[in-house]
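Shown next: coords17.txt, containing compact mmCIF, C-alpha atoms.
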```
# COMPACT_ATOMS: atom_id res chain seq x y z
CA MET A 1 -9.35 -4.49 -39.33
CA PRO A 2 -10.31 -7.25 -36.89
CA LYS A 3 -9.35 -6.66 -33.31
CA VAL A 4 -7.42 -9.04 -31.11
CA GLU A 5 -9.64 -9.96 -28.21
CA PRO A 6 -8.08 -10.03 -24.74
CA TRP A 7 -8.96 -13.68 -24.27
CA VAL A 8 -6.86 -14.55 -27.32
CA ILE A 9 -3.79 -12.97 -25.75
CA LEU A 10 -4.51 -14.63 -22.41
CA SER A 11 -4.96 -18.00 -24.15
CA PHE A 12 -1.63 -17.46 -25.86
CA CYS A 13 -0.09 -16.79 -22.43
CA SER A 14 -1.53 -19.99 -21.02
CA MET A 15 -0.32 -21.93 -24.06
CA ILE A 16 3.26 -20.77 -23.46
CA PHE A 17 2.81 -21.48 -19.74
CA PHE A 18 1.73 -25.06 -20.35
CA ILE A 19 4.45 -25.65 -22.95
CA GLY A 20 6.89 -24.70 -20.18
CA PHE A 21 5.00 -26.95 -17.78
CA VAL A 22 5.22 -29.97 -20.08
CA GLY A 23 8.91 -29.23 -20.64
CA LEU A 24 9.40 -29.15 -16.88
CA LEU A 25 7.80 -32.60 -16.61
CA ILE A 26 9.38 -34.45 -19.53
CA ARG A 27 12.96 -33.18 -19.54
CA ARG A 28 15.71 -34.53 -17.31
CA ASN A 29 18.39 -31.98 -18.14
CA ILE A 30 18.49 -29.34 -15.41
CA LEU A 31 19.41 -26.61 -17.91
CA ILE A 32 16.25 -27.27 -19.92
CA VAL A 33 14.21 -27.44 -16.72
CA LEU A 34 15.45 -23.98 -15.72
CA MET A 35 14.64 -22.69 -19.22
CA SER A 36 11.11 -24.10 -18.90
CA ILE A 37 10.71 -22.21 -15.62
CA GLU A 38 11.79 -19.04 -17.43
CA LEU A 39 9.14 -19.73 -20.09
CA MET A 40 6.44 -20.07 -17.44
CA LEU A 41 7.52 -16.84 -15.73
CA ASN A 42 7.45 -15.03 -19.07
CA ALA A 43 3.93 -16.24 -19.79
CA VAL A 44 2.77 -14.91 -16.43
CA ASN A 45 4.46 -11.57 -17.16
CA LEU A 46 2.61 -11.29 -20.45
CA SER A 47 -0.72 -11.96 -18.77
CA PHE A 48 0.07 -9.22 -16.23
CA VAL A 49 0.79 -6.77 -19.05
CA THR A 50 -2.41 -7.79 -20.86
CA PHE A 51 -4.52 -7.14 -17.78
CA SER A 52 -2.67 -3.87 -17.23
CA LYS A 53 -3.68 -2.76 -20.71
CA GLN A 54 -7.21 -4.09 -20.37
CA LEU A 55 -7.85 -2.43 -17.03
CA ALA A 56 -5.95 0.78 -17.89
CA HIS A 57 -3.83 0.62 -14.76
CA PRO A 58 -0.01 0.38 -14.71
CA GLY A 59 0.09 -1.81 -11.60
CA GLY A 60 0.40 -4.91 -13.77
CA GLN A 61 3.51 -3.56 -15.42
CA MET A 62 4.86 -2.78 -11.98
CA SER A 63 4.41 -6.42 -10.97
CA VAL A 64 6.33 -7.46 -14.08
CA PHE A 65 9.41 -5.64 -12.81
CA PHE A 66 9.32 -7.49 -9.51
CA ILE A 67 8.75 -10.82 -11.27
CA ILE A 68 11.71 -10.14 -13.57
CA THR A 69 13.87 -9.40 -10.52
CA VAL A 70 12.82 -12.62 -8.84
CA ALA A 71 13.40 -14.53 -12.09
CA ALA A 72 16.93 -13.15 -12.39
CA ALA A 73 17.68 -14.10 -8.78
CA GLU A 74 16.14 -17.53 -9.31
CA SER A 75 18.18 -18.30 -12.40
CA ALA A 76 21.38 -17.11 -10.72
CA VAL A 77 20.80 -19.38 -7.72
CA GLY A 78 19.61 -22.25 -9.96
CA LEU A 79 22.68 -22.09 -12.16
CA GLY A 80 24.87 -21.92 -9.04
CA LEU A 81 23.20 -25.10 -7.81
CA LEU A 82 23.75 -26.63 -11.25
CA ILE A 83 27.46 -25.88 -11.11
CA ALA A 84 27.72 -27.29 -7.60
CA MET A 85 25.89 -30.43 -8.76
CA PHE A 86 28.11 -30.80 -11.83
CA ARG A 87 31.17 -30.49 -9.61
CA THR A 88 30.13 -33.35 -7.35
CA LEU A 89 28.24 -35.64 -9.75
CA ARG A 90 29.82 -34.79 -13.15
CA SER A 91 26.33 -34.73 -14.63
CA VAL A 92 23.44 -32.34 -15.24
CA ASP A 93 20.82 -35.09 -15.21
CA THR A 94 18.12 -35.02 -12.55
CA ASP A 95 18.03 -38.83 -12.46
CA ASP A 96 21.56 -38.80 -11.06
CA ILE A 97 20.49 -36.90 -7.96
CA ARG A 98 19.74 -39.79 -5.63
CA MET A 99 22.12 -39.25 -2.75
CA LEU A 100 19.25 -39.16 -0.24
CA LYS A 101 17.96 -42.52 -1.51
CA GLU A 102 21.18 -44.42 -0.96
CA MET B 1 -7.87 -4.49 -27.93
CA ASP B 2 -6.63 -2.10 -30.55
CA ILE B 3 -3.40 -3.82 -31.40
CA SER B 4 -2.30 -4.91 -34.84
CA PRO B 5 -3.50 -8.52 -35.36
CA CYS B 6 -0.89 -9.14 -38.04
CA PHE B 7 2.06 -8.39 -35.76
CA PHE B 8 0.43 -10.09 -32.79
CA TYR B 9 -0.06 -13.37 -34.63
CA LEU B 10 3.44 -13.14 -36.10
CA PHE B 11 5.04 -12.71 -32.67
CA ALA B 12 2.73 -15.29 -31.08
CA GLY B 13 3.58 -17.88 -33.73
CA LEU B 14 7.30 -17.21 -33.34
CA ALA B 15 6.99 -17.51 -29.56
CA ILE B 16 5.05 -20.79 -29.69
CA ALA B 17 7.45 -22.32 -32.22
CA GLY B 18 10.44 -21.14 -30.21
CA SER B 19 9.13 -22.51 -26.94
CA LEU B 20 8.36 -25.87 -28.55
CA PHE B 21 11.95 -25.92 -29.80
CA VAL B 22 13.14 -25.08 -26.28
CA ILE B 23 11.57 -28.16 -24.75
CA LEU B 24 12.13 -30.55 -27.69
CA LYS B 25 15.70 -29.88 -28.86
CA LYS B 26 18.33 -32.30 -27.66
CA ASN B 27 21.20 -29.84 -27.55
CA PRO B 28 21.03 -27.26 -24.73
CA VAL B 29 22.66 -24.61 -26.94
CA SER B 30 19.81 -24.91 -29.49
CA SER B 31 17.31 -24.60 -26.66
CA ALA B 32 19.05 -21.49 -25.36
CA PHE B 33 18.98 -19.78 -28.73
CA SER B 34 15.32 -20.70 -29.24
CA LEU B 35 14.64 -19.18 -25.84
CA ILE B 36 16.26 -15.93 -27.01
CA LEU B 37 13.84 -15.94 -29.96
CA VAL B 38 10.94 -16.39 -27.52
CA PHE B 39 12.16 -13.49 -25.39
CA PHE B 40 12.40 -11.18 -28.39
CA SER B 41 8.89 -12.15 -29.53
CA PHE B 42 7.59 -11.39 -26.05
CA ALA B 43 9.29 -8.02 -26.16
CA GLY B 44 7.48 -7.34 -29.44
CA ILE B 45 4.14 -8.23 -27.88
CA TYR B 46 4.87 -5.97 -24.90
CA ALA B 47 5.58 -3.13 -27.28
CA LEU B 48 2.28 -3.84 -29.07
CA LEU B 49 0.50 -3.64 -25.72
CA ASP B 50 1.95 -0.15 -25.03
CA ALA B 51 4.31 -1.40 -22.34
CA HIS B 52 7.43 0.10 -23.83
CA LEU B 53 9.54 0.13 -20.68
CA VAL B 54 8.70 -3.52 -20.01
CA ALA B 55 9.71 -4.39 -23.58
CA ALA B 56 13.09 -2.69 -23.15
CA ILE B 57 13.64 -4.32 -19.75
CA GLN B 58 12.68 -7.69 -21.23
CA ILE B 59 15.41 -7.44 -23.86
CA LEU B 60 17.98 -6.00 -21.45
CA VAL B 61 17.43 -8.36 -18.55
CA TYR B 62 16.23 -11.58 -20.17
CA ALA B 63 17.93 -11.65 -23.55
CA GLY B 64 20.91 -9.66 -22.31
CA ALA B 65 21.64 -10.95 -18.84
CA ILE B 66 19.83 -14.20 -18.06
CA MET B 67 20.54 -15.83 -21.42
CA VAL B 68 24.20 -14.81 -21.25
CA LEU B 69 24.29 -16.50 -17.84
CA PHE B 70 22.70 -19.65 -19.30
CA ILE B 71 25.05 -19.79 -22.28
CA PHE B 72 28.01 -19.05 -20.05
CA VAL B 73 27.09 -22.00 -17.85
CA ILE B 74 26.63 -24.26 -20.90
CA MET B 75 30.08 -23.30 -22.14
CA LEU B 76 31.53 -23.73 -18.64
CA LEU B 77 30.14 -27.22 -18.21
CA ASN B 78 31.28 -28.15 -21.72
CA SER B 79 29.18 -31.29 -21.60
CA ASP B 80 28.97 -32.21 -25.25
CA VAL B 81 27.15 -35.39 -24.31
CA VAL B 82 23.78 -34.82 -25.94
CA SER B 83 21.28 -36.22 -23.50
CA LEU B 84 18.43 -38.30 -24.87
CA ASP B 85 16.41 -37.58 -21.79
CA ILE B 86 13.02 -37.28 -23.50
CA ALA B 87 13.16 -40.84 -24.73
CA ARG B 88 14.09 -42.05 -21.29
CA ALA B 89 11.07 -40.50 -19.61
CA GLY B 90 8.78 -43.38 -20.54
CA LYS B 91 5.94 -43.27 -23.01
CA ILE B 92 3.08 -43.34 -20.49
CA TYR B 93 4.74 -40.63 -18.42
CA ARG B 94 5.20 -38.45 -21.50
CA LEU B 95 1.59 -38.97 -22.57
CA LEU B 96 0.41 -38.12 -19.07
CA ALA B 97 2.51 -34.95 -19.00
CA VAL B 98 1.19 -33.77 -22.35
CA ALA B 99 -2.38 -34.66 -21.33
CA ALA B 100 -2.02 -32.71 -18.09
CA GLY B 101 -0.71 -29.72 -20.01
CA ALA B 102 -3.50 -29.90 -22.59
CA LEU B 103 -6.15 -30.25 -19.88
CA GLY B 104 -4.84 -27.24 -18.00
CA LEU B 105 -4.69 -25.25 -21.22
CA CYS B 106 -8.31 -26.13 -22.03
CA VAL B 107 -9.44 -25.06 -18.57
CA PHE B 108 -7.61 -21.75 -18.85
CA VAL B 109 -8.85 -21.00 -22.36
CA TRP B 110 -12.41 -21.86 -21.34
CA ALA B 111 -12.16 -19.60 -18.31
CA PHE B 112 -10.73 -16.70 -20.28
CA ARG B 113 -13.25 -17.14 -23.09
CA HIS B 114 -16.42 -17.39 -21.08
CA ASN B 115 -15.84 -14.97 -18.26
CA PRO B 116 -16.39 -11.29 -18.80
CA PRO B 117 -13.47 -9.01 -18.07
CA PRO B 118 -13.42 -7.39 -14.64
CA LYS B 119 -15.50 -4.30 -14.28
CA PHE B 120 -12.84 -2.29 -12.49
CA THR B 121 -10.88 0.01 -14.76
CA GLY B 122 -8.22 2.47 -13.75
CA ASN B 123 -7.91 5.92 -15.17
CA PHE B 124 -4.62 5.43 -17.02
CA THR B 125 -5.90 5.41 -20.57
CA ILE B 126 -3.48 5.92 -23.44
CA ASP B 127 -4.33 9.61 -23.80
CA ARG B 128 -3.79 10.33 -20.14
CA ILE B 129 -0.49 8.43 -20.10
CA GLU B 130 0.60 10.48 -23.12
CA ALA B 131 -0.43 13.68 -21.36
CA ALA B 132 1.42 12.68 -18.18
CA GLY B 133 4.69 12.23 -20.06
CA GLY B 134 4.62 8.72 -21.48
CA ASN B 135 4.70 5.15 -20.26
CA THR B 136 8.20 5.28 -18.74
CA ARG B 137 7.50 8.42 -16.73
CA VAL B 138 4.20 7.12 -15.36
CA ILE B 139 5.73 3.77 -14.39
CA SER B 140 8.74 5.42 -12.78
CA GLU B 141 6.70 7.84 -10.74
CA MET B 142 4.51 5.00 -9.56
CA MET B 143 7.51 2.84 -8.71
CA PHE B 144 9.10 5.51 -6.54
CA SER B 145 5.93 6.60 -4.78
CA GLU B 146 3.29 3.94 -4.40
CA TYR B 147 5.50 0.86 -4.81
CA ILE B 148 8.57 2.14 -2.95
CA LEU B 149 8.52 -0.61 -0.31
CA PRO B 150 8.51 -3.55 -2.78
CA PHE B 151 11.12 -1.72 -4.82
CA GLU B 152 13.42 -1.51 -1.83
CA LEU B 153 12.71 -5.13 -0.91
CA THR B 154 13.87 -6.29 -4.35
CA SER B 155 17.33 -5.04 -3.43
CA VAL B 156 17.24 -7.41 -0.45
CA VAL B 157 16.16 -10.26 -2.76
CA LEU B 158 19.04 -9.53 -5.12
CA LEU B 159 21.53 -9.31 -2.27
CA VAL B 160 20.39 -12.66 -0.87
CA ALA B 161 20.58 -14.19 -4.35
CA ILE B 162 24.13 -12.89 -4.90
CA VAL B 163 25.35 -14.18 -1.55
CA GLY B 164 23.54 -17.50 -2.03
CA ALA B 165 24.83 -18.07 -5.56
CA VAL B 166 28.40 -17.32 -4.53
CA ALA B 167 28.16 -19.51 -1.44
CA ILE B 168 26.67 -22.43 -3.41
CA ALA B 169 28.89 -22.31 -6.48
CA ARG B 170 32.16 -21.48 -4.73
CA ARG B 171 34.84 -24.13 -4.84
CA LYS B 172 35.46 -25.60 -1.44
CA PRO B 173 39.03 -24.95 -0.24
CA SER B 174 39.57 -28.54 0.73
CA GLN B 175 37.31 -31.47 1.44
CA ASN B 176 39.03 -32.16 4.76
CA GLU B 177 38.76 -28.76 6.38
CA SER B 178 35.40 -27.69 5.01
CA GLY B 179 33.20 -28.75 7.89
CA GLY B 180 31.36 -31.98 8.39
CA HIS B 181 28.16 -31.24 6.52
CA ASN B 182 29.40 -32.46 3.16
CA ALA B 183 31.56 -35.36 4.22
```
Render the structure in this file as structure tokens.
Amino acid sequence: MPKVEPWVILSFCSMIFFIGFVGLLIRRNILIVLMSIELMLNAVNLSFVTFSKQLAHPGGQMSVFFIITVAAAESAVGLGLLIAMFRTLRSVDTDDIRMLKE
Amino acid sequence: MDISPCFFYLFAGLAIAGSLFVILKKNPVSSAFSLILVFFSFAGIYALLDAHLVAAIQILVYAGAIMVLFIFVIMLLNSDVVSLDIARAGKIYRLLAVAAGALGLCVFVWAFRHNPPPKFTGNFTIDRIEAAGGNTRVISEMMFSEYILPFELTSVVLLVAIVGAVAIARRKPSQNESGGHNA
């Protein structure tokens, strides 16, 4: 049975990371932008777990817990900002945020 | 790495397809459900990599809590205006974004392919983790001994996030008496 090399898993992680990155750049809906950030965080988590397995040390899995905590806090604050923005602007579009320009 | 290639490529394909759906679907609800598929595929890959506790936490926290929060906000906003925001981004801008992503991906893949893995290896091989009581026990003992300070600091992060989210999303009592900063 052929083995899966570590660089294949890490390349898969970076593929998911850059899919999230492109989504962050091309979308204007804040909900999708937050989801792209979650994708990028997940890709980083998977690379931590891969290195943890490769190096036979559980410190990588430990980092994943802290990243998941920060991601939960980030999405809670981000969605709170989204609700505050929808209340004032009636829109979830990043192009509508131009109050500092006017 | 001694993981099953069949299951790895299955989960990897599901995750890539799901994440493409996340960034390309017009409707936010479709994106949210594709993101749930991605999270479950990631949990499968974690389980393949012998990180069982991380796989369980992934499903509990991401698919259980964060996605419920997302879907709850989508329902709350009730904006059934499907935004055609991709088309509005401009063709050159879109091409540049995809090119930047592809370039970064090539650099990362090249770096991972052509660099040898680090020489340092810890002593937590699968047999020793089994002998010490399993993945969850090893992780928990490490979390409450060596990583106790970051573990306690995460509670501060969560507290700040709770207070911040409530303070940001709370409805102002009245525009007149709510200070001058948002006049």
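With all atoms listed in the file as the atoms that count, the residue of B:Leu60, B:Gly90, B:Ser34, B:Asp2 with the shortest distance to B:Ile126 is B:Asp2.
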* To do: Might you pull out every residue within 12 Å of A:Phe65, with all atoms listed in the file counted and same-chain residues fewer than 4 positions away left off, and present them as an NGL selection string?
  => (:A and (41-42 or 44-46 or 48-49 or 58-61 or 69-72)) or (:B and (51 or 53-58 or 61-62 or 139-140 or 143 or 147 or 150-151 or 154))
* To do: Return the neighbours of chain A among the residues of chain B, cut-off 7 Å, counting only C-alpha atoms, as JSON, numbers by chain.
  => {"B": [1, 2, 3, 5, 16, 19, 20, 23, 28, 49, 54, 66, 85, 86, 89, 94, 97, 98, 101, 105, 108, 109, 112, 113, 120, 121, 122, 123, 124, 125, 139, 154, 158, 161, 164, 165, 168, 169]}
* **Nearby residues (all atoms listed in the file) at most 10 Å from B:Phe21, same-chain spacing under 4 positions excluded, as an MDAnalysis selection string** => chainID B and resid 15:17 25:26 30:35 38
* Quick one: residues within 9 Å of B:Val29, only C-alpha atoms counted, chain neighbours fewer than 5 positions away excluded, as a PyMOL selection string? -> chain B and resi 34+71+74-75
Centre and edge lengths of an axis-aligned box around all listed atoms of stretch 4-20 of chain B, with 3 Å added on each side, are to be given in Å to one decimal, as lines of an AutoDock Vina configuration file.
```
center_x = 3.5
center_y = -15.4
center_z = -32.5
size_x = 19.9
size_y = 27.0
size_z = 17.1
```
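Taking atom CA of B:Asp127 as the reference point, atom CA of B:Leu48 is found at 15.9 Å.
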* To do: For atom CA of B:Ile59 and atom CA of B:Ser41, quote the distance in Å rounded to one decimal.
  => 9.8 Å
* Asked: In Å to one decimal, how far is atom CA of B:Phe8 from atom CA of B:His114?
  ->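 Separating atom CA of B:His114 from atom CA of B:Phe8 is a distance of 21.8 Å.
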* Asked: Which is closer to B:Ala63 than all the others in B:Leu76, B:Phe39, B:Ile45, B:Phe11, using all atoms listed in the file?
  -> B:Phe39
